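Trainee: Contents of input-v9.tsv (TSV, C-alpha atoms and all ligand atoms) are below:
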chain	number	residue	atom	x	y	z
A	1	MET	CA	112.86	-59.19	-168.59
A	2	SER	CA	112.45	-55.80	-166.95
A	3	GLN	CA	108.93	-54.44	-166.57
A	4	ILE	CA	108.16	-51.02	-168.09
A	5	LEU	CA	105.83	-49.07	-165.83
A	6	HIS	CA	103.87	-47.19	-168.50
A	7	SER	CA	101.33	-44.68	-167.24
A	8	SER	CA	98.94	-45.29	-170.16
A	9	PRO	CA	96.93	-48.31	-168.83
A	10	VAL	CA	96.53	-46.68	-165.41
A	11	LYS	CA	95.63	-43.34	-166.98
A	12	LYS	CA	93.03	-44.99	-169.21
A	13	LEU	CA	91.36	-46.64	-166.23
A	14	ILE	CA	91.28	-43.47	-164.13
A	15	THR	CA	90.17	-41.29	-167.06
A	16	LYS	CA	87.07	-43.44	-167.44
A	17	SER	CA	86.04	-42.91	-163.82
A	18	LEU	CA	86.92	-39.19	-163.94
A	19	LYS	CA	84.64	-38.77	-166.98
A	20	THR	CA	81.79	-40.49	-165.09
A	21	ASP	CA	82.37	-38.37	-161.97
A	22	CYS	CA	82.51	-35.19	-164.02
A	23	LYS	CA	79.24	-36.05	-165.78
A	24	GLU	CA	77.55	-36.67	-162.42
A	25	LEU	CA	78.80	-33.36	-161.05
A	26	LYS	CA	77.47	-31.54	-164.10
A	27	GLU	CA	74.08	-33.21	-163.64
A	28	LYS	CA	74.08	-31.76	-160.13
A	29	GLY	CA	74.81	-28.29	-161.51
A	30	ILE	CA	78.57	-28.07	-160.97
A	31	THR	CA	81.11	-28.02	-163.78
A	32	PRO	CA	84.58	-28.63	-162.32
A	33	TYR	CA	86.63	-25.54	-163.07
A	34	LEU	CA	90.40	-25.12	-162.72
A	35	LYS	CA	92.43	-21.94	-163.14
A	36	VAL	CA	96.11	-22.34	-163.97
A	37	ILE	CA	98.19	-19.22	-163.38
A	38	LEU	CA	101.17	-19.05	-165.69
A	39	VAL	CA	103.64	-16.20	-165.29
A	40	GLY	CA	106.04	-15.73	-168.18
A	41	THR	CA	106.89	-17.99	-171.09
A	42	ASP	CA	109.12	-20.74	-169.68
A	43	PRO	CA	108.96	-23.36	-172.50
A	44	ALA	CA	108.53	-26.35	-170.15
A	45	SER	CA	105.78	-24.57	-168.18
A	46	LEU	CA	103.96	-23.71	-171.43
A	47	ILE	CA	103.89	-27.40	-172.36
A	48	TYR	CA	102.90	-28.61	-168.87
A	49	THR	CA	100.06	-26.11	-168.54
A	50	ALA	CA	98.74	-26.86	-172.06
A	51	ASN	CA	98.73	-30.58	-171.18
A	52	LYS	CA	96.83	-29.87	-167.97
A	53	LYS	CA	94.16	-27.92	-169.87
A	54	LYS	CA	93.88	-30.61	-172.53
A	55	TYR	CA	93.33	-33.35	-169.95
A	56	CYS	CA	90.75	-31.30	-168.01
A	57	GLU	CA	88.79	-30.85	-171.22
A	58	LYS	CA	89.12	-34.55	-172.05
A	59	VAL	CA	87.29	-35.52	-168.85
A	60	GLY	CA	84.70	-32.73	-169.30
A	61	ALA	CA	86.08	-30.14	-166.85
A	62	LEU	CA	86.80	-26.47	-167.51
A	63	CYS	CA	90.32	-25.10	-167.41
A	64	ASP	CA	91.57	-21.58	-168.05
A	65	ILE	CA	95.24	-20.78	-168.34
A	66	VAL	CA	95.68	-17.28	-166.94
A	67	SER	CA	98.80	-16.11	-168.79
A	68	LEU	CA	100.55	-13.21	-167.09
A	69	SER	CA	103.53	-11.12	-168.10
A	70	GLU	CA	106.97	-12.14	-166.83
A	71	ASN	CA	107.24	-8.58	-165.43
A	72	ILE	CA	103.88	-8.44	-163.66
A	73	LEU	CA	103.86	-6.34	-160.49
A	74	GLU	CA	103.42	-8.19	-157.23
A	75	SER	CA	100.31	-6.15	-156.35
A	76	GLU	CA	98.65	-6.98	-159.66
A	77	PHE	CA	99.54	-10.67	-159.29
A	78	LEU	CA	98.06	-10.79	-155.78
A	79	ASN	CA	94.87	-9.04	-156.96
A	80	ILE	CA	94.35	-11.66	-159.67
A	81	ILE	CA	94.79	-14.48	-157.14
A	82	ASN	CA	92.42	-12.77	-154.75
A	83	ASP	CA	89.75	-12.58	-157.46
A	84	ILE	CA	90.17	-16.29	-158.20
A	85	ASN	CA	89.99	-17.18	-154.51
A	86	ASN	CA	86.69	-15.27	-154.28
A	87	ASP	CA	85.19	-16.57	-157.53
A	88	GLN	CA	82.37	-18.97	-156.56
A	89	GLN	CA	82.49	-20.65	-159.98
A	90	VAL	CA	86.16	-21.67	-159.67
A	91	ASP	CA	86.82	-24.90	-157.77
A	92	ALA	CA	90.57	-25.02	-157.93
A	93	CYS	CA	93.67	-23.04	-158.78
A	94	ILE	CA	97.36	-23.73	-159.22
A	95	ILE	CA	100.25	-21.35	-159.73
A	96	GLN	CA	102.63	-22.97	-162.18
A	97	LEU	CA	106.15	-22.99	-160.76
A	98	PRO	CA	108.80	-21.68	-161.10
A	99	LEU	CA	107.78	-18.05	-160.58
A	100	PRO	CA	109.90	-15.13	-161.86
A	101	ARG	CA	112.36	-13.45	-159.52
A	102	GLN	CA	110.15	-10.54	-158.35
A	103	LEU	CA	107.52	-13.05	-157.09
A	104	ASN	CA	109.88	-15.67	-155.75
A	105	HIS	CA	109.84	-14.37	-152.18
A	106	LEU	CA	106.06	-14.91	-151.90
A	107	ASP	CA	104.88	-17.65	-149.59
A	108	TYR	CA	103.18	-19.53	-152.45
A	109	GLY	CA	101.71	-22.14	-150.10
A	110	ARG	CA	99.41	-19.53	-148.59
A	111	LEU	CA	98.35	-17.72	-151.79
A	112	ILE	CA	95.57	-20.07	-152.88
A	113	ASN	CA	92.68	-20.78	-150.48
A	114	LYS	CA	93.09	-24.23	-148.99
A	115	GLU	CA	89.76	-25.42	-150.46
A	116	LYS	CA	91.09	-24.64	-153.97
A	117	ASP	CA	94.70	-25.73	-153.37
A	118	VAL	CA	94.78	-28.79	-155.65
A	119	ASP	CA	98.61	-28.62	-155.67
A	120	GLY	CA	98.55	-29.54	-151.96
A	121	PHE	CA	100.95	-26.71	-151.07
A	122	HIS	CA	98.83	-24.98	-148.39
A	123	PRO	CA	100.22	-25.48	-144.83
A	124	GLU	CA	97.00	-27.21	-143.73
A	125	ASN	CA	97.27	-29.69	-146.58
A	126	VAL	CA	100.96	-30.23	-145.86
A	127	PHE	CA	100.26	-30.78	-142.16
A	128	ALA	CA	97.49	-33.28	-142.92
A	129	LEU	CA	99.98	-35.21	-145.06
A	130	ILE	CA	102.79	-35.10	-142.49
A	131	SER	CA	100.47	-36.17	-139.68
A	132	ASN	CA	98.97	-38.96	-141.81
A	133	ASN	CA	95.55	-37.51	-141.21
A	134	LEU	CA	94.32	-36.75	-144.72
A	135	LYS	CA	90.60	-36.04	-145.03
A	136	SER	CA	88.52	-35.61	-148.17
A	137	HIS	CA	88.96	-31.83	-147.97
A	138	ASN	CA	92.77	-32.19	-148.07
A	139	PHE	CA	94.86	-32.39	-151.21
A	140	VAL	CA	98.14	-34.23	-151.78
A	141	SER	CA	100.78	-32.80	-154.10
A	142	CYS	CA	100.19	-34.14	-157.62
A	143	THR	CA	103.48	-35.81	-158.57
A	144	PRO	CA	103.81	-37.77	-155.28
A	145	LYS	CA	100.13	-38.77	-155.52
A	146	GLY	CA	100.64	-39.89	-159.13
A	147	ILE	CA	103.72	-41.94	-158.22
A	148	LEU	CA	101.78	-43.68	-155.43
A	149	THR	CA	98.89	-44.46	-157.80
A	150	LEU	CA	101.26	-45.84	-160.46
A	151	MET	CA	102.95	-48.08	-157.87
A	152	GLN	CA	99.68	-49.29	-156.37
A	153	GLU	CA	98.08	-50.00	-159.75
A	154	ASN	CA	101.15	-52.08	-160.67
A	155	GLN	CA	100.92	-54.01	-157.37
A	156	ILE	CA	104.30	-52.72	-156.23
A	157	GLN	CA	104.59	-53.38	-152.52
A	158	ILE	CA	105.48	-50.31	-150.47
A	159	ALA	CA	105.08	-51.41	-146.83
A	160	GLY	CA	108.39	-52.59	-145.41
A	161	LYS	CA	110.38	-51.62	-148.51
A	162	LYS	CA	113.56	-49.55	-148.44
A	163	ILE	CA	112.93	-46.57	-150.71
A	164	VAL	CA	115.55	-43.97	-151.62
A	165	ILE	CA	114.31	-40.62	-152.95
A	166	ILE	CA	116.94	-38.48	-154.64
A	167	GLY	CA	115.81	-34.84	-154.48
A	168	ARG	CA	114.31	-32.84	-151.61
A	169	SER	CA	112.00	-30.36	-153.34
A	170	MET	CA	108.72	-29.12	-151.87
A	171	ILE	CA	106.90	-30.39	-154.98
A	172	VAL	CA	108.26	-33.94	-155.13
A	173	GLY	CA	110.95	-35.18	-152.73
A	174	LYS	CA	109.61	-34.00	-149.38
A	175	PRO	CA	105.87	-34.74	-149.86
A	176	LEU	CA	106.68	-38.08	-151.51
A	177	ALA	CA	108.80	-39.06	-148.52
A	178	MET	CA	105.87	-38.33	-146.20
A	179	LEU	CA	103.39	-40.20	-148.39
A	180	LEU	CA	105.58	-43.30	-148.59
A	181	ILE	CA	106.30	-43.23	-144.84
A	182	ASN	CA	102.53	-43.11	-144.31
A	183	HIS	CA	102.40	-46.28	-146.41
A	184	ASN	CA	104.94	-47.92	-144.10
A	185	ALA	CA	108.03	-47.72	-146.29
A	186	THR	CA	111.47	-46.98	-144.82
A	187	VAL	CA	112.46	-43.83	-146.67
A	188	THR	CA	115.86	-42.22	-147.17
A	189	VAL	CA	115.96	-38.78	-148.80
A	190	CYS	CA	119.21	-37.95	-150.59
A	191	HIS	CA	120.33	-34.66	-152.15
A	192	SER	CA	123.32	-32.77	-153.51
A	193	HIS	CA	125.15	-32.90	-150.15
A	194	THR	CA	124.63	-36.63	-149.61
A	195	LYS	CA	127.85	-38.58	-149.22
A	196	ASN	CA	128.21	-42.07	-150.69
A	197	LEU	CA	125.04	-41.83	-152.78
A	198	LYS	CA	125.87	-45.01	-154.68
A	199	GLU	CA	126.25	-46.98	-151.46
A	200	ILE	CA	122.75	-45.88	-150.46
A	201	THR	CA	121.08	-46.48	-153.83
A	202	LYS	CA	122.66	-49.93	-154.20
A	203	ASN	CA	121.13	-51.02	-150.92
A	204	CYS	CA	117.46	-50.23	-151.41
A	205	ASP	CA	114.43	-51.83	-153.03
A	206	ILE	CA	113.08	-48.79	-154.88
A	207	ILE	CA	114.90	-45.70	-156.21
A	208	VAL	CA	112.96	-42.52	-157.01
A	209	SER	CA	115.00	-39.89	-158.83
A	210	ALA	CA	113.77	-36.28	-158.89
A	211	ILE	CA	116.90	-34.22	-159.47
A	212	GLY	CA	116.53	-32.85	-162.98
A	213	LYS	CA	119.88	-34.11	-164.32
A	214	ALA	CA	119.76	-35.88	-167.66
A	215	LYS	CA	120.73	-39.58	-167.50
A	216	PHE	CA	122.47	-39.11	-164.13
A	217	ILE	CA	121.57	-42.54	-162.74
A	218	ASN	CA	123.35	-45.40	-164.50
A	219	GLU	CA	124.13	-49.00	-163.60
A	220	SER	CA	126.91	-47.95	-161.23
A	221	TYR	CA	124.15	-46.77	-158.81
A	222	LEU	CA	122.33	-50.11	-158.87
A	223	SER	CA	122.43	-53.37	-156.98
A	224	PRO	CA	124.11	-56.22	-158.93
A	225	LYS	CA	121.05	-58.35	-158.14
A	226	ASN	CA	119.03	-56.62	-160.91
A	227	ASP	CA	115.97	-56.59	-158.66
A	228	GLN	CA	115.33	-52.89	-158.00
A	229	ILE	CA	112.42	-50.72	-159.12
A	230	ILE	CA	113.21	-47.31	-160.60
A	231	ILE	CA	110.80	-44.36	-160.63
A	232	ASP	CA	112.14	-41.57	-162.85
A	233	VAL	CA	110.60	-38.14	-162.19
A	234	GLY	CA	113.11	-36.25	-164.37
A	235	MET	CA	112.05	-34.30	-167.46
A	236	ASN	CA	115.31	-33.22	-169.08
A	237	THR	CA	116.80	-32.83	-172.51
A	238	ASP	CA	119.90	-34.81	-173.44
A	239	THR	CA	122.87	-33.60	-175.52
A	240	LEU	CA	120.90	-34.37	-178.71
A	241	GLY	CA	117.95	-32.27	-177.52
A	242	GLN	CA	115.80	-35.35	-176.84
A	243	LEU	CA	113.47	-35.53	-173.83
A	244	CYS	CA	114.93	-37.88	-171.21
A	245	GLY	CA	114.74	-38.65	-167.52
A	246	ASP	CA	117.25	-38.57	-164.67
A	247	VAL	CA	117.98	-42.20	-165.42
A	248	ASP	CA	120.08	-43.50	-168.30
A	249	TYR	CA	117.23	-45.76	-169.41
A	250	ASP	CA	119.08	-47.82	-172.04
A	251	ASN	CA	122.03	-48.36	-169.71
A	252	VAL	CA	119.96	-49.62	-166.76
A	253	PHE	CA	117.04	-51.32	-168.50
A	254	ASN	CA	118.37	-54.88	-168.20
A	255	LYS	CA	119.70	-54.27	-164.70
A	256	VAL	CA	116.38	-53.54	-162.96
A	257	ALA	CA	113.13	-55.34	-162.17
A	258	ALA	CA	110.95	-52.44	-163.32
A	259	ILE	CA	111.35	-48.85	-164.53
A	260	THR	CA	109.13	-45.91	-165.50
A	261	PRO	CA	109.77	-44.57	-169.02
A	262	VAL	CA	110.29	-40.88	-169.87
A	263	PRO	CA	108.05	-39.73	-171.45
A	264	GLY	CA	105.01	-41.84	-170.57
A	265	GLY	CA	105.73	-42.62	-166.92
A	266	VAL	CA	105.42	-40.21	-164.01
A	267	GLY	CA	104.59	-37.07	-166.08
A	268	PRO	CA	101.08	-38.10	-167.18
A	269	MET	CA	100.34	-39.39	-163.66
A	270	THR	CA	100.93	-35.87	-162.29
A	271	ILE	CA	98.20	-34.53	-164.56
A	272	VAL	CA	95.82	-37.37	-163.70
A	273	SER	CA	96.32	-36.59	-159.99
A	274	LEU	CA	95.68	-32.89	-160.58
A	275	VAL	CA	92.32	-33.64	-162.18
A	276	GLN	CA	91.45	-36.16	-159.45
A	277	ASN	CA	92.11	-33.34	-156.97
A	278	LEU	CA	90.04	-30.92	-159.07
A	279	LEU	CA	87.04	-33.25	-159.04
A	280	GLN	CA	87.47	-33.73	-155.30
A	281	ALA	CA	87.41	-29.93	-154.87
A	282	SER	CA	84.17	-29.79	-156.89
A	283	LYS	CA	82.60	-32.56	-154.81
A	284	ASN	CA	83.57	-30.69	-151.66
A	285	ARG	CA	81.90	-27.54	-153.01
A	286	LEU	CA	78.75	-29.54	-153.70
A	287	SER	CA	78.55	-30.76	-150.12
A	288	LEU	CA	79.15	-27.32	-148.56
B	1	LIG	N1	106.00	-27.01	-161.84
B	1	LIG	C1	106.47	-28.28	-162.04
B	1	LIG	N2	105.67	-29.19	-161.44
B	1	LIG	C2	104.66	-28.49	-160.86
B	1	LIG	C3	103.51	-28.87	-160.08
B	1	LIG	O1	103.24	-30.04	-159.80
B	1	LIG	N3	102.72	-27.84	-159.66
B	1	LIG	C4	103.00	-26.54	-159.95
B	1	LIG	N4	102.17	-25.60	-159.48
B	1	LIG	N5	104.05	-26.14	-160.65
B	1	LIG	C5	104.87	-27.12	-161.11
Is it possible to give me this structure as structure tokens?

Mentor:
Amino acid sequence: MSQILHSSPVKKLITKSLKTDCKELKEKGITPYLKVILVGTDPASLIYTANKKKYCEKVGALCDIVSLSENILESEFLNIINDINNDQQVDACIIQLPLPRQLNHLDYGRLINKEKDVDGFHPENVFALISNNLKSHNFVSCTPKGILTLMQENQIQIAGKKIVIIGRSMIVGKPLAMLLINHNATVTVCHSHTKNLKEITKNCDIIVSAIGKAKFINESYLSPKNDQIIIDVGMNTDTLGQLCGDVDYDNVFNKVAAITPVPGGVGPMTIVSLVQNLLQASKNRLSL
């Protein structure tokens, strides 16, 4: 029997402690406050940001979605970010990606002050991750952090394991590779130019797919031993318009030891990590 790595039990456990932490912060005079900057009306981004706000409110934190026009001028966009950076009441801010074309050239890692950078994109946060020297004032990118939590809470061993990550984005693939190396895994990062992908995926213990291609990974990518663990980061729609991952779940289910479902796997863990980072930012403000 394959194990389904649902996020719900882990989320429930963490939500309880986040609610307690939030209550304690409020008693000390700080209400954790996140600003989410959303430019345009990308349907997926609208759903993700609404889910982030809903979860903040569930644990007792404040969250504003700052909705901006798709055509906003760069100068206006930068002014809004500057105001948020200088707002003493705001603990944290994220800029929902992707950004529209006229803002794409901006160095988004440097836009949000590092103390409020709960996405973990600021160069100082990235360097702390790469150098395995994370302190309480540093933040780790939310999806990699959520994947690590899900693995640890399910007692999945990481040290010494061969882990293949498919996808090399700044949001998932690259920071996840660093995080797993820090936890003593042997990590291979694959991407669209990788040759013999199947040979690589068949010969590892854990496969993480973050490529954004519906049902791309099927049993032909897997070891015949049926003993691998699959982490599916994909959020795609299939030919019937149904939400699905990068992995053909029904095709591989009996061929793996464990697999994350889509929805209900990695996605909710990203939001949990975001709010963990938010509360950390609030605690840091308290001790300033
Ligand atoms: N778009 C998709 N995932 C993310 C994320 O984790 N952070 C931000 N800022 N934008 C995203």

Trainee: As an MDAnalysis selection string, please: the residues near A:Ser192 (cut-off 12 Å, all atoms listed in the file, same-chain neighbours under 3 positions excluded).

Mentor: chainID A and resid 165:169 189 195:197 210:213

Trainee: If I take atom CA of A:Pro98 and atom N1 of ligand LIG 1 (chain B), how far is one from the other in Å, to one decimal?

Mentor: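 Interatomic distance, atom CA of A:Pro98 to atom N1 of ligand LIG 1 (chain B): 6.1 Å.
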
Trainee: Which residues, written as a PyMOL selection string, have at least one atom at most 6 Å from stretch 272-285 of chain A, with all atoms listed in the file counted and residues fewer than 6 positions away on the same chain left out?

Mentor: chain A and resi 32+91+118+142+146

Trainee: Do a neighbour search on A:Lys162 at 12 Å with all atoms listed in the file, toss out local chain neighbours closer than 4 positions, and write the hits as a list of chain:residue names.

Mentor: A:Gln157, A:Ile158, A:Ala177, A:Leu180, A:Ile181, A:His183, A:Asn184, A:Ala185, A:Thr186, A:Val187, A:Thr188, A:Val189, A:Ile200, A:Thr201, A:Lys202, A:Asn203, A:Cys204, A:Asp205, A:Ile206, A:Ile207, A:Val208, A:Gln228, A:Ile229

Trainee: Select the residues contacting ligand LIG 1 (chain B) at a distance of at most 8 Å, based on only C-alpha atoms and all ligand atoms, then format the selection as a PyMOL selection string.

Mentor: chain A and resi 45+48+94-98+119+141-143+171-172+270

Trainee: Output C-alpha atoms for every residue in the selection just made, as a PDB file, keeping the file's coordinate frame.

Mentor:
ATOM      1  CA  SER A  45     105.780 -24.570-168.180  1.00  0.00           C
ATOM      2  CA  TYR A  48     102.900 -28.610-168.870  1.00  0.00           C
ATOM      3  CA  ILE A  94      97.360 -23.730-159.220  1.00  0.00           C
ATOM      4  CA  ILE A  95     100.250 -21.350-159.730  1.00  0.00           C
ATOM      5  CA  GLN A  96     102.630 -22.970-162.180  1.00  0.00           C
ATOM      6  CA  LEU A  97     106.150 -22.990-160.760  1.00  0.00           C
ATOM      7  CA  PRO A  98     108.800 -21.680-161.100  1.00  0.00           C
ATOM      8  CA  ASP A 119      98.610 -28.620-155.670  1.00  0.00           C
ATOM      9  CA  SER A 141     100.780 -32.800-154.100  1.00  0.00           C
ATOM     10  CA  CYS A 142     100.190 -34.140-157.620  1.00  0.00           C
ATOM     11  CA  THR A 143     103.480 -35.810-158.570  1.00  0.00           C
ATOM     12  CA  ILE A 171     106.900 -30.390-154.980  1.00  0.00           C
ATOM     13  CA  VAL A 172     108.260 -33.940-155.130  1.00  0.00           C
ATOM     14  CA  THR A 270     100.930 -35.870-162.290  1.00  0.00           C
TER      15      THR A 270
END

Trainee: For the atom pair atom CA of A:His122 and atom CA of A:Cys93, what is the interatomic distance in Å to one decimal place?

Mentor: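 We find that atom CA of A:His122 and atom CA of A:Cys93 lie 11.8 Å from each other.
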
Trainee: Have a look at A:Ser209, A:Lys174, A:Asn79, A:Phe216 and name the one nearest to A:Thr237; count all atoms listed in the file.

Mentor: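 For A:Thr237, the nearest of the given residues is A:Phe216.
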
Trainee: Pick out the residues sitting within 9 Å of A:Leu73, and hand them over as a VMD selection string; count only C-alpha atoms, and ignore anything fewer than 5 positions along from it in its own chain.

Mentor: chain A and resid 78 102 to 103

Trainee: How far is it from atom CA of A:Lys35 to atom CA of A:Asn82, in Å with one decimal?

Mentor: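 Going from atom CA of A:Lys35 over to atom CA of A:Asn82 covers 12.4 Å.
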
Trainee: I want to know what sits within 7 Å of stretch 53-68 of chain A, based on only C-alpha atoms, with residues of the same chain fewer than 2 positions away left out; could you give that as number ranges by chain?

Mentor: A: 15, 18-19, 22, 31-40, 49-51, 70, 72, 275

Trainee: With 6 Å added on each side, what axis-aligned box encloses every listed atom of stretch 212-231 of chain A? Give the centre and edge lengths in Å to one decimal, as JSON.

Mentor:
{"center_x": 118.9, "center_y": -45.6, "center_z": -162.3, "size_x": 28.1, "size_y": 37.5, "size_z": 22.7}

Trainee: With distances taken over all atoms listed in the file, which of A:Arg101, A:Lys198, A:His191, A:Lys135 is nearest to A:Glu115?

Mentor: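 Using all atoms listed in the file, A:Glu115 sits closest to A:Lys135.
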
Trainee: Would you mind telling me which residue in A:Leu106, A:Leu111, A:Ile259, A:Ile230 lies nearest to A:Asp83 when using all atoms listed in the file?

Mentor: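 Result for the nearest residue to A:Asp83: A:Leu111.
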
Trainee: Of the candidates A:Leu5, A:Val90, A:Leu46, A:Ile271, which shows the shortest atom-to-atom distance to A:Ile231, using all atoms listed in the file?

Mentor: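 When distances to A:Ile231 are compared using all atoms listed in the file, the smallest one comes from A:Leu5.
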
Trainee: Identify which of the residues A:Phe127, A:Ala92, A:Glu76, A:Leu286 lies closest to A:Lys28, counting all atoms listed in the file when measuring atom-to-atom distances.

Mentor: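 Once distances to A:Lys28 are computed over all atoms listed in the file, the minimum belongs to A:Leu286.
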
Trainee: Between A:Pro224, A:Gly264, A:Pro123, A:Pro144, which is the closest to A:Val252 once you count only C-alpha atoms?

Mentor: A:Pro224
